[in-house]
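Pasting entry_38.pdb here (PDB, C-alpha atoms and all ligand atoms):
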```pdb
ATOM      1  CA  MET A   1     -24.084  23.691  25.765
ATOM      2  CA  VAL A   2     -20.495  23.610  24.528
ATOM      3  CA  SER A   3     -18.729  20.376  23.623
ATOM      4  CA  ARG A   4     -15.558  19.814  25.600
ATOM      5  CA  PHE A   5     -14.151  18.113  22.490
ATOM      6  CA  VAL A   6     -14.197  21.265  20.336
ATOM      7  CA  LYS A   7     -11.154  23.406  21.061
ATOM      8  CA  PRO A   8     -11.838  27.182  21.169
ATOM      9  CA  GLU A   9      -8.615  27.785  19.194
ATOM     10  CA  ASP A  10      -9.905  25.539  16.387
ATOM     11  CA  ARG A  11     -13.162  27.523  16.146
ATOM     12  CA  ALA A  12     -11.231  30.791  16.074
ATOM     13  CA  ARG A  13      -8.854  29.434  13.439
ATOM     14  CA  VAL A  14     -11.712  28.368  11.149
ATOM     15  CA  GLU A  15     -13.499  31.704  11.546
ATOM     16  CA  ASP A  16     -10.277  33.447  10.538
ATOM     17  CA  VAL A  17      -9.888  31.057   7.563
ATOM     18  CA  ARG A  18      -6.474  30.072   8.894
ATOM     19  CA  PHE A  19      -6.642  26.575   7.395
ATOM     20  CA  GLN A  20      -3.861  24.106   8.086
ATOM     21  CA  LEU A  21      -2.941  22.970   4.599
ATOM     22  CA  ALA A  22       0.590  21.874   5.340
ATOM     23  CA  SER A  23       2.383  20.267   2.462
ATOM     24  CA  ARG A  24       5.230  17.814   3.035
ATOM     25  CA  SER A  25       3.686  16.585   6.281
ATOM     26  CA  LEU A  26       5.792  13.417   5.971
ATOM     27  CA  ALA A  27       9.131  15.260   5.748
ATOM     28  CA  GLY A  28      11.607  13.583   8.105
ATOM     29  CA  LYS A  29       9.125  10.793   8.898
ATOM     30  CA  VAL A  30       9.909   7.122   8.480
ATOM     31  CA  VAL A  31       7.580   5.272   6.126
ATOM     32  CA  LEU A  32       7.975   1.527   5.731
ATOM     33  CA  VAL A  33       7.186   0.419   2.167
ATOM     34  CA  PRO A  34       7.322  -3.389   1.890
ATOM     35  CA  GLY A  35       7.333  -4.179  -1.830
ATOM     36  CA  GLY A  36       8.766  -0.695  -2.390
ATOM     37  CA  THR A  37      11.112  -1.974  -5.099
ATOM     38  CA  GLY A  38       8.261  -3.207  -7.303
ATOM     39  CA  GLY A  39       6.453  -1.545 -10.189
ATOM     40  CA  LEU A  40       3.947   0.391  -8.050
ATOM     41  CA  GLY A  41       5.793   0.612  -4.728
ATOM     42  CA  SER A  42       8.861   2.265  -6.306
ATOM     43  CA  CYS A  43       6.668   5.177  -7.433
ATOM     44  CA  LEU A  44       5.479   5.772  -3.862
ATOM     45  CA  VAL A  45       9.110   5.642  -2.712
ATOM     46  CA  ALA A  46       9.875   8.343  -5.320
ATOM     47  CA  LEU A  47       7.009  10.477  -4.008
ATOM     48  CA  LEU A  48       8.302  10.057  -0.442
ATOM     49  CA  LEU A  49      11.851  11.027  -1.451
ATOM     50  CA  ALA A  50      10.506  14.118  -3.215
ATOM     51  CA  GLU A  51       8.753  15.029   0.041
ATOM     52  CA  ARG A  52      11.969  14.475   2.062
ATOM     53  CA  ALA A  53      10.457  11.586   4.014
ATOM     54  CA  VAL A  54      12.599   8.602   5.022
ATOM     55  CA  PRO A  55      11.444   5.615   2.946
ATOM     56  CA  VAL A  56      12.401   2.098   4.014
ATOM     57  CA  ALA A  57      11.716  -0.093   0.988
ATOM     58  CA  GLY A  58      11.335  -3.831   1.497
ATOM     59  CA  TYR A  59      11.761  -6.632  -1.008
ATOM     60  CA  ARG A  60      11.717 -10.423  -0.822
ATOM     61  CA  SER A  61      14.895 -11.529  -2.632
ATOM     62  CA  ASN A  62      15.506  -9.587  -5.861
ATOM     63  CA  ARG A  63      18.443  -7.580  -4.523
ATOM     64  CA  GLU A  64      19.667  -6.610  -7.980
ATOM     65  CA  ARG A  65      16.383  -4.868  -8.807
ATOM     66  CA  ALA A  66      16.244  -3.289  -5.336
ATOM     67  CA  GLU A  67      19.773  -1.837  -5.644
ATOM     68  CA  ARG A  68      19.006  -0.552  -9.159
ATOM     69  CA  ILE A  69      15.775   1.183  -8.036
ATOM     70  CA  LYS A  70      17.552   2.646  -4.992
ATOM     71  CA  SER A  71      20.410   4.067  -7.027
ATOM     72  CA  LEU A  72      18.139   5.451  -9.798
ATOM     73  CA  LEU A  73      15.743   7.122  -7.352
ATOM     74  CA  GLU A  74      18.507   8.577  -5.183
ATOM     75  CA  SER A  75      20.304  10.034  -8.201
ATOM     76  CA  LYS A  76      17.094  11.580  -9.575
ATOM     77  CA  LEU A  77      15.562  12.843  -6.315
ATOM     78  CA  GLY A  78      18.281  12.962  -3.651
ATOM     79  CA  GLY A  79      17.792  11.526  -0.178
ATOM     80  CA  THR A  80      18.299   7.908   0.787
ATOM     81  CA  VAL A  81      16.220   4.828   0.070
ATOM     82  CA  HIS A  82      16.873   2.418   2.936
ATOM     83  CA  LEU A  83      16.494  -1.194   1.849
ATOM     84  CA  VAL A  84      15.339  -4.161   3.901
ATOM     85  CA  GLU A  85      15.335  -7.696   2.538
ATOM     86  CA  GLY A  86      13.341 -10.785   3.465
ATOM     87  CA  ASP A  87      10.238 -12.860   2.922
ATOM     88  CA  LEU A  88       7.393 -11.375   4.978
ATOM     89  CA  ARG A  89       5.640 -14.731   5.230
ATOM     90  CA  GLU A  90       8.186 -15.433   8.010
ATOM     91  CA  GLU A  91       7.506 -13.984  11.431
ATOM     92  CA  HIS A  92      11.175 -13.272  12.219
ATOM     93  CA  VAL A  93      11.376 -11.317   8.945
ATOM     94  CA  ARG A  94       8.383  -9.173   9.951
ATOM     95  CA  ARG A  95      10.203  -8.388  13.218
ATOM     96  CA  HIS A  96      13.353  -7.580  11.228
ATOM     97  CA  TYR A  97      11.441  -5.094   8.996
ATOM     98  CA  LEU A  98      10.054  -3.347  12.087
ATOM     99  CA  ALA A  99      13.471  -3.123  13.727
ATOM    100  CA  GLU A 100      15.159  -1.876  10.541
ATOM    101  CA  ALA A 101      12.519   0.818   9.977
ATOM    102  CA  ALA A 102      12.427   1.968  13.607
ATOM    103  CA  ARG A 103      16.203   2.322  13.943
ATOM    104  CA  HIS A 104      16.339   5.630  12.005
ATOM    105  CA  THR A 105      14.346   7.837  14.377
ATOM    106  CA  GLY A 106      13.131   5.358  16.995
ATOM    107  CA  SER A 107       9.681   4.955  15.483
ATOM    108  CA  ILE A 108       7.746   4.162  12.313
ATOM    109  CA  ASP A 109       5.387   6.939  11.195
ATOM    110  CA  GLY A 110       3.500   5.079   8.480
ATOM    111  CA  MET A 111       3.456   2.042   6.247
ATOM    112  CA  ALA A 112       2.241   1.187   2.767
ATOM    113  CA  CYS A 113       2.461  -2.540   2.079
ATOM    114  CA  PHE A 114       2.790  -3.329  -1.660
ATOM    115  CA  VAL A 115       3.680  -6.987  -1.182
ATOM    116  CA  GLY A 116       1.623  -9.260  -3.394
ATOM    117  CA  ASP A 117       1.584 -12.385  -5.520
ATOM    118  CA  PRO A 118      -0.307 -12.459  -8.862
ATOM    119  CA  ALA A 119      -1.137 -16.094  -8.010
ATOM    120  CA  ARG A 120      -2.306 -16.831 -11.561
ATOM    121  CA  VAL A 121      -3.993 -20.216 -11.542
ATOM    122  CA  PRO A 122      -7.058 -20.961 -13.699
ATOM    123  CA  SER A 123     -10.063 -21.757 -11.498
ATOM    124  CA  ASP A 124     -10.595 -25.187 -13.100
ATOM    125  CA  SER A 125      -7.162 -26.423 -11.958
ATOM    126  CA  LEU A 126      -7.052 -24.658  -8.584
ATOM    127  CA  THR A 127      -5.691 -26.714  -5.668
ATOM    128  CA  ALA A 128      -5.656 -26.208  -1.905
ATOM    129  CA  ASP A 129      -1.889 -25.580  -2.089
ATOM    130  CA  ASP A 130      -2.412 -22.813  -4.661
ATOM    131  CA  LEU A 131      -4.945 -21.066  -2.433
ATOM    132  CA  ALA A 132      -2.753 -21.452   0.648
ATOM    133  CA  ARG A 133       0.236 -19.953  -1.230
ATOM    134  CA  SER A 134      -1.820 -17.002  -2.435
ATOM    135  CA  CYS A 135      -3.242 -16.411   1.065
ATOM    136  CA  ALA A 136       0.231 -16.466   2.587
ATOM    137  CA  THR A 137       1.435 -13.460   0.551
ATOM    138  CA  ASN A 138      -1.771 -11.648  -0.381
ATOM    139  CA  PHE A 139      -3.486 -11.873   3.004
ATOM    140  CA  ILE A 140      -1.573 -13.325   5.975
ATOM    141  CA  ALA A 141       1.761 -11.484   5.577
ATOM    142  CA  PRO A 142       0.288  -7.982   5.057
ATOM    143  CA  VAL A 143      -2.307  -8.425   7.823
ATOM    144  CA  LEU A 144       0.196  -9.640  10.416
ATOM    145  CA  LEU A 145       2.689  -6.945   9.427
ATOM    146  CA  ALA A 146       0.029  -4.211   9.633
ATOM    147  CA  LYS A 147      -1.019  -5.519  13.036
ATOM    148  CA  ALA A 148       2.578  -5.450  14.315
ATOM    149  CA  VAL A 149       3.326  -1.972  12.912
ATOM    150  CA  GLY A 150       0.009  -0.505  14.101
ATOM    151  CA  GLU A 151       0.408  -1.951  17.597
ATOM    152  CA  GLN A 152       3.940  -0.589  17.824
ATOM    153  CA  MET A 153       2.773   2.873  16.702
ATOM    154  CA  ILE A 154      -0.052   2.886  19.240
ATOM    155  CA  ALA A 155       2.283   1.723  22.038
ATOM    156  CA  ARG A 156       4.755   4.506  21.144
ATOM    157  CA  LYS A 157       1.937   7.068  20.753
ATOM    158  CA  VAL A 158       2.847   7.760  17.133
ATOM    159  CA  SER A 159       0.100   9.268  14.991
ATOM    160  CA  GLY A 160       0.132   7.841  11.494
ATOM    161  CA  SER A 161      -1.502   5.823   8.765
ATOM    162  CA  LEU A 162      -1.164   2.399   7.237
ATOM    163  CA  VAL A 163      -2.175   1.494   3.689
ATOM    164  CA  LEU A 164      -2.644  -2.039   2.382
ATOM    165  CA  LEU A 165      -2.718  -2.895  -1.317
ATOM    166  CA  SER A 166      -5.625  -4.977  -2.528
ATOM    167  CA  SER A 167      -6.870  -5.029  -6.129
ATOM    168  CA  MET A 168      -9.931  -4.067  -8.152
ATOM    169  CA  GLN A 169     -10.303  -7.859  -8.463
ATOM    170  CA  GLY A 170     -10.809  -8.009  -4.694
ATOM    171  CA  VAL A 171     -13.737  -5.575  -5.030
ATOM    172  CA  ALA A 172     -15.397  -6.558  -8.325
ATOM    173  CA  ALA A 173     -15.787 -10.124  -9.622
ATOM    174  CA  PHE A 174     -13.542 -10.953 -12.589
ATOM    175  CA  GLU A 175     -13.614 -14.434 -14.110
ATOM    176  CA  ASN A 176     -10.688 -16.762 -13.391
ATOM    177  CA  SER A 177      -9.459 -14.577 -10.538
ATOM    178  CA  LEU A 178     -10.467 -16.766  -7.578
ATOM    179  CA  ASN A 179      -6.945 -17.595  -6.382
ATOM    180  CA  TYR A 180      -5.768 -13.979  -6.418
ATOM    181  CA  ALA A 181      -8.995 -12.099  -5.745
ATOM    182  CA  ALA A 182     -10.379 -13.960  -2.730
ATOM    183  CA  PRO A 183      -7.390 -13.247  -0.410
ATOM    184  CA  LYS A 184      -7.353  -9.646  -1.725
ATOM    185  CA  ALA A 185     -11.061  -9.349  -0.761
ATOM    186  CA  ALA A 186     -10.295 -10.808   2.669
ATOM    187  CA  LEU A 187      -7.615  -8.136   3.077
ATOM    188  CA  ILE A 188     -10.293  -5.454   2.651
ATOM    189  CA  HIS A 189     -12.352  -6.994   5.436
ATOM    190  CA  ALA A 190      -9.311  -7.368   7.708
ATOM    191  CA  ASN A 191      -8.665  -3.668   7.134
ATOM    192  CA  ARG A 192     -12.137  -2.810   8.432
ATOM    193  CA  VAL A 193     -11.689  -5.031  11.483
ATOM    194  CA  LEU A 194      -8.275  -3.518  12.292
ATOM    195  CA  ALA A 195      -9.688  -0.003  11.872
ATOM    196  CA  LYS A 196     -12.503  -0.852  14.260
ATOM    197  CA  GLU A 197     -10.132  -2.389  16.806
ATOM    198  CA  TRP A 198      -7.975   0.743  16.631
ATOM    199  CA  SER A 199     -10.834   3.238  16.695
ATOM    200  CA  GLY A 200     -10.073   6.190  18.930
ATOM    201  CA  GLN A 201      -6.336   5.417  18.690
ATOM    202  CA  SER A 202      -3.636   7.324  16.830
ATOM    203  CA  VAL A 203      -3.416   4.922  13.865
ATOM    204  CA  GLN A 204      -5.604   4.756  10.760
ATOM    205  CA  VAL A 205      -5.644   1.906   8.268
ATOM    206  CA  ASN A 206      -7.038   1.901   4.735
ATOM    207  CA  VAL A 207      -6.817  -0.056   1.503
ATOM    208  CA  VAL A 208      -5.984   1.072  -2.017
ATOM    209  CA  ALA A 209      -7.258  -1.255  -4.743
ATOM    210  CA  PRO A 210      -5.476  -0.643  -8.060
ATOM    211  CA  GLY A 211      -7.005  -1.502 -11.410
ATOM    212  CA  ALA A 212      -5.175  -2.515 -14.586
ATOM    213  CA  THR A 213      -1.923  -0.586 -14.342
ATOM    214  CA  VAL A 214       0.900  -0.553 -16.884
ATOM    215  CA  ALA A 215       3.569  -1.279 -14.244
ATOM    216  CA  GLY A 216       4.563  -4.146 -12.015
ATOM    217  CA  MET A 217       2.857  -7.500 -11.912
ATOM    218  CA  ALA A 218       0.019  -6.450 -14.243
ATOM    219  CA  ALA A 219       2.325  -5.024 -16.923
ATOM    220  CA  SER A 220       2.485  -8.208 -18.998
ATOM    221  CA  SER A 221      -1.256  -8.944 -18.933
ATOM    222  CA  VAL A 222      -2.131  -5.293 -19.689
ATOM    223  CA  SER A 223       0.413  -5.285 -22.573
ATOM    224  CA  SER A 224      -1.026  -8.554 -23.912
ATOM    225  CA  GLY A 225      -4.287  -6.749 -24.766
ATOM    226  CA  LYS A 226      -6.344  -8.622 -22.159
ATOM    227  CA  TYR A 227      -7.969  -5.396 -20.951
ATOM    228  CA  ASP A 228      -8.135  -3.519 -24.281
ATOM    229  CA  ARG A 229     -11.894  -4.087 -24.597
ATOM    230  CA  TYR A 230     -12.491  -1.833 -21.586
ATOM    231  CA  ILE A 231     -10.956   1.086 -23.474
ATOM    232  CA  GLU A 232     -12.539   0.066 -26.810
ATOM    233  CA  GLN A 233     -15.992  -0.047 -25.166
ATOM    234  CA  GLY A 234     -15.456   3.292 -23.395
ATOM    235  CA  ALA A 235     -15.495   1.830 -19.856
ATOM    236  CA  VAL A 236     -12.180   3.549 -19.067
ATOM    237  CA  SER A 237     -10.277   6.234 -20.933
ATOM    238  CA  ARG A 238      -6.813   4.743 -20.339
ATOM    239  CA  PHE A 239      -4.883   2.212 -18.283
ATOM    240  CA  GLY A 240      -3.566   3.131 -14.836
ATOM    241  CA  GLN A 241      -0.113   4.570 -14.284
ATOM    242  CA  PRO A 242       2.042   3.973 -11.179
ATOM    243  CA  GLU A 243       1.605   7.669 -10.312
ATOM    244  CA  ASP A 244      -2.196   7.191 -10.047
ATOM    245  CA  ILE A 245      -1.666   4.570  -7.350
ATOM    246  CA  ALA A 246       1.180   6.370  -5.556
ATOM    247  CA  ARG A 247      -0.848   9.595  -5.256
ATOM    248  CA  ALA A 248      -3.820   7.711  -3.774
ATOM    249  CA  VAL A 249      -1.590   5.877  -1.286
ATOM    250  CA  ARG A 250       0.170   9.117  -0.315
ATOM    251  CA  PHE A 251      -3.195  10.803   0.270
ATOM    252  CA  LEU A 252      -4.131   8.086   2.770
ATOM    253  CA  LEU A 253      -0.672   8.128   4.420
ATOM    254  CA  GLU A 254      -1.362  11.572   5.892
ATOM    255  CA  PRO A 255      -0.208  11.385   9.557
ATOM    256  CA  ASP A 256      -3.549  12.619  10.964
ATOM    257  CA  CYS A 257      -5.725  11.186   8.179
ATOM    258  CA  TYR A 258      -9.448  11.506   9.001
ATOM    259  CA  ILE A 259     -10.294   8.350   7.034
ATOM    260  CA  THR A 260     -10.028   4.813   8.370
ATOM    261  CA  GLY A 261     -11.280   1.349   7.458
ATOM    262  CA  GLN A 262     -12.004   2.357   3.860
ATOM    263  CA  VAL A 263     -11.089   1.021   0.440
ATOM    264  CA  LEU A 264     -10.152   3.404  -2.362
ATOM    265  CA  LEU A 265     -10.599   1.850  -5.802
ATOM    266  CA  VAL A 266      -8.107   3.386  -8.250
ATOM    267  CA  ASP A 267      -9.158   1.765 -11.503
ATOM    268  CA  GLY A 268     -10.486   4.546 -13.743
ATOM    269  CA  GLY A 269     -13.943   2.944 -13.406
ATOM    270  CA  MET A 270     -13.056  -0.501 -14.801
ATOM    271  CA  GLY A 271     -14.486  -2.337 -11.787
ATOM    272  CA  LEU A 272     -17.893  -0.749 -12.448
ATOM    273  CA  ARG A 273     -18.125  -2.714 -15.710
ATOM    274  CA  ALA A 274     -16.795  -6.073 -14.489
TER     275      ALA A 274
HETATM  276  N1  LIG B   1       0.474  -3.727 -10.930
HETATM  277  C1  LIG B   1      -0.838  -3.644 -10.948
HETATM  278  O1  LIG B   1      -1.452  -3.182 -11.931
HETATM  279  C2  LIG B   1      -1.664  -4.080  -9.765
HETATM  280  C3  LIG B   1      -3.045  -4.155  -9.919
HETATM  281  C4  LIG B   1      -3.833  -4.514  -8.830
HETATM  282  C5  LIG B   1      -3.224  -4.749  -7.600
HETATM  283  N2  LIG B   1      -1.882  -4.691  -7.478
HETATM  284  C6  LIG B   1      -1.297  -4.934  -6.160
HETATM  285  O2  LIG B   1      -0.392  -3.885  -5.845
HETATM  286  C7  LIG B   1       0.717  -4.394  -5.090
HETATM  287  C8  LIG B   1       2.017  -4.016  -5.785
HETATM  288  O3  LIG B   1       2.052  -4.640  -7.065
HETATM  289  P1  LIG B   1       3.263  -4.459  -8.090
HETATM  290  O4  LIG B   1       2.685  -4.608  -9.426
HETATM  291  O5  LIG B   1       4.060  -3.263  -7.747
HETATM  292  O6  LIG B   1       4.117  -5.787  -7.744
HETATM  293  P2  LIG B   1       5.589  -6.185  -8.203
HETATM  294  O7  LIG B   1       6.144  -5.250  -9.219
HETATM  295  O8  LIG B   1       5.535  -7.647  -8.538
HETATM  296  O9  LIG B   1       6.447  -5.991  -6.873
HETATM  297  C9  LIG B   1       6.185  -6.783  -5.751
HETATM  298  C10 LIG B   1       7.076  -6.321  -4.608
HETATM  299  O10 LIG B   1       6.748  -7.070  -3.435
HETATM  300  C11 LIG B   1       7.900  -7.816  -2.981
HETATM  301  N3  LIG B   1       7.428  -9.089  -2.418
HETATM  302  C12 LIG B   1       6.645 -10.019  -3.029
HETATM  303  N4  LIG B   1       6.404 -11.032  -2.179
HETATM  304  C13 LIG B   1       7.058 -10.746  -1.021
HETATM  305  C14 LIG B   1       7.204 -11.399   0.218
HETATM  306  N5  LIG B   1       6.643 -12.593   0.459
HETATM  307  N6  LIG B   1       7.934 -10.799   1.185
HETATM  308  C15 LIG B   1       8.517  -9.590   0.975
HETATM  309  N7  LIG B   1       8.406  -8.906  -0.187
HETATM  310  C16 LIG B   1       7.692  -9.487  -1.169
HETATM  311  C17 LIG B   1       8.763  -7.962  -4.222
HETATM  312  O11 LIG B   1      10.120  -8.261  -3.859
HETATM  313  P3  LIG B   1      11.079  -9.089  -4.910
HETATM  314  O12 LIG B   1      11.228  -8.182  -6.110
HETATM  315  O13 LIG B   1      12.341  -9.325  -4.179
HETATM  316  O14 LIG B   1      10.328 -10.357  -5.236
HETATM  317  C18 LIG B   1       8.573  -6.584  -4.857
HETATM  318  O15 LIG B   1       9.329  -5.626  -4.155
HETATM  319  C19 LIG B   1       0.484  -5.900  -4.959
HETATM  320  O16 LIG B   1      -0.114  -6.175  -3.726
HETATM  321  C20 LIG B   1      -0.484  -6.213  -6.084
HETATM  322  O17 LIG B   1      -1.278  -7.340  -5.805
HETATM  323  C21 LIG B   1      -1.076  -4.372  -8.527
END
```
Written as structure tokens, how would this file's structure read?
Amino acid sequence: MVSRFVKPEDRARVEDVRFQLASRSLAGKVVLVPGGTGGLGSCLVALLLAERAVPVAGYRSNRERAERIKSLLESKLGGTVHLVEGDLREEHVRRHYLAEAARHTGSIDGMACFVGDPARVPSDSLTADDLARSCATNFIAPVLLAKAVGEQMIARKVSGSLVLLSSMQGVAAFENSLNYAAPKAALIHANRVLAKEWSGQSVQVNVVAPGATVAGMAASSVSSGKYDRYIEQGAVSRFGQPEDIARAVRFLLEPDCYITGQVLLVDGGMGLRA
């Protein structure tokens, strides 16, 4: 018996070791990067520019930083960083991001959502308002945006991948992290549900969970020495760099990625010791 789902040309190709190892598979493709002006997101935008993709970097309100990142990256790498501004907690802003990204080629080919709020509140003074605020940015906005982008890609028959940014704190339990970690853990579950709902479709969705990285919102706490004991005790050899995260996100952004509904912990092993 021969499966009708195995193409004869694929069998012949594999026998001839004619593997399809295309590099730059995102060249010319539009990738929406909400939070692409931040410490980690800007490194993915750099990687996309180097690959000749079309990055559309979103930010909430810090236009000065966004313009500075855009001009630095364009002068170093060439290409254009398209900027889109607005607070993704608002539905009309999510629609605006979609429209801005789709206007370049008529479709969005992928998305990596770096939007997040460190939501630092000690557990003993945590209020309902604190939790609601953290949920709004760390869970609700990325989930609803992913849903909108994924549904648009499926409707337009675009094959591509979405990546959501959680945290090692959403995977492993760290003390005093309730306000930040719980919505980040919920994001991982939403990712699995979305992947299941979209199974058999052209869109994959996955999560990258960074550890203690020297850039972005963790820079000050990492610099303060809070995580030094993990290196001193040999749990990790070093802190994370933005390139560690960008490479993992890029890997999962592959247009025909054969991975969906998964979480990739990029923490050098720190979460194993938490
Ligand atoms: N840095 C780390 O080591 C680390 C570790 C674990 C997880 N993470 C996660 O990785 C992601 C990226 O972190 P990062 O360190 O790069 O953050 P970051 O430097 O603080 O940058 C955050 C980016 O998101 C934008 N943003 C924030 N809230 C927004 C909103 N409501 N609507 C639209 N844009 C919004 C910011 O725009 P403005 O500049 O205009 O505010 C900025 O572009 C986050 O989800 C974070 O939780 C980071």
task = Give me, please, the distance in Å between CA of Arg192 in chain A and atom O13 of ligand LIG 1 (chain B), quoted to one decimal.
result =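 Interatomic distance here is 28.3 Å.
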key: Minimum-distance residue to ligand LIG 1 (chain B), chosen among A:Trp198, A:Phe5, A:Tyr97, A:Phe114 (using only C-alpha atoms and all ligand atoms)   =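 Smallest separation from ligand LIG 1 (chain B) among the options: A:Phe114.
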key: Selection within 8 Å of ligand LIG 1 (chain B) by only C-alpha atoms and all ligand atoms, output as a VMD selection string   = chain A and resid 34 to 42 57 to 63 65 to 66 85 to 89 113 to 118 136 to 138 141 164 to 169 184 209 to 219 240 242
Å distance separating CA of Glu197 in chain A from CA of Val6 in chain A, one decimal place =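 Straight-line distance from CA of Glu197 in chain A to CA of Val6 in chain A works out to 24.3 Å.
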inquiry  = So that I can check the surroundings of Leu47 in chain A, please list as a ChimeraX atom specification every protein, DNA and RNA residue that reaches within 9 Å of it, counting all atoms listed in the file and ignoring chain neighbours fewer than 6 positions away.
reply    = /A:53,243,246-247,250
ask   = Hey, which of A:Leu77, A:Met270, A:Leu162, A:Ala181 ends up closest to Ser123 in chain A? Count only C-alpha atoms.
value = A:Ala181
ask   = What residues have an atom no more than 10 Å from (15.1, 5.4, -4.4) in the file's own frame, counting all atoms listed in the file, and can you write them as number ranges by chain?
value = A: 36-37, 42-50, 55-57, 66-83
query = For Leu194 in chain A, which residue out of A:Ile231, A:Val143, A:Ala27, A:Ala128 is the nearest one, using all atoms listed in the file?
reply = A:Val143
request  = For the structure provided, state which residues fall under the PyMOL selection byres (((chain A and resi 236-238) around 10) and not hetatm), and present them as an MDAnalysis selection string.
outcome  = chainID A and resid 212:214 228:235 239:241 267:273
Let me see the file: selected residues, C-alpha atoms, as an mmCIF file, in the coordinates of the input.
```
data_model
loop_
_atom_site.group_PDB
_atom_site.id
_atom_site.type_symbol
_atom_site.label_atom_id
_atom_site.label_comp_id
_atom_site.auth_asym_id
_atom_site.auth_seq_id
_atom_site.Cartn_x
_atom_site.Cartn_y
_atom_site.Cartn_z
ATOM 1 C CA ALA A 212 -5.175 -2.515 -14.586
ATOM 2 C CA THR A 213 -1.923 -0.586 -14.342
ATOM 3 C CA VAL A 214 0.900 -0.553 -16.884
ATOM 4 C CA ASP A 228 -8.135 -3.519 -24.281
ATOM 5 C CA ARG A 229 -11.894 -4.087 -24.597
ATOM 6 C CA TYR A 230 -12.491 -1.833 -21.586
ATOM 7 C CA ILE A 231 -10.956 1.086 -23.474
ATOM 8 C CA GLU A 232 -12.539 0.066 -26.810
ATOM 9 C CA GLN A 233 -15.992 -0.047 -25.166
ATOM 10 C CA GLY A 234 -15.456 3.292 -23.395
ATOM 11 C CA ALA A 235 -15.495 1.830 -19.856
ATOM 12 C CA PHE A 239 -4.883 2.212 -18.283
ATOM 13 C CA GLY A 240 -3.566 3.131 -14.836
ATOM 14 C CA GLN A 241 -0.113 4.570 -14.284
ATOM 15 C CA ASP A 267 -9.158 1.765 -11.503
ATOM 16 C CA GLY A 268 -10.486 4.546 -13.743
ATOM 17 C CA GLY A 269 -13.943 2.944 -13.406
ATOM 18 C CA MET A 270 -13.056 -0.501 -14.801
ATOM 19 C CA GLY A 271 -14.486 -2.337 -11.787
ATOM 20 C CA LEU A 272 -17.893 -0.749 -12.448
ATOM 21 C CA ARG A 273 -18.125 -2.714 -15.710
#
```
task = With the file shown as input, list the residues that the PyMOL selection byres (((chain A and resi 109) around 6) and not hetatm) selects, as a PyMOL selection string.
result = chain A and resi 29-31+108+110+160
ask   = With distances taken over only C-alpha atoms, which of A:Ala132, A:Gly170, A:Gln201, A:Ile188 is nearest to Lys157 in chain A?
value =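 Answer, going by the shortest atom-to-atom distance: A:Gln201.
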task = Rank nothing, just name the residue among A:Ala195, A:Leu265, A:Val205, A:Leu145 nearest to Ala172 in chain A, using all atoms listed in the file.
result =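 When distances to Ala172 in chain A are compared using all atoms listed in the file, the smallest one comes from A:Leu265.
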key: Of the listed residues A:Gly28, A:Val2, A:Ser224, A:Val266, that which approaches Thr105 in chain A most closely, counting all atoms listed in the file   =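 Using all atoms listed in the file, the shortest distance to Thr105 in chain A belongs to A:Gly28.
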inquiry  = Give me, as an MDAnalysis selection string, all polymer residues having an atom no more than 9 Å from Gln152 in chain A, counting all atoms listed in the file and skipping those fewer than 4 positions away in the same chain.
reply    = chainID A and resid 98 107:108 147:148 156:158
key: Pairwise distance for CA of Ala185 in chain A and CA of Leu253 in chain A, rounded to one decimal in Å   = 21.0 Å
Draw an axis-aligned box over all listed atoms of range 251-259 of chain A, pad each side with 3 Å, and write its centre and edge lengths in Å, one decimal, as AutoDock Vina command-line options.
```
--center_x -5.3 --center_y 10.4 --center_z 5.6 --size_x 16.1 --size_y 10.5 --size_z 16.7
```
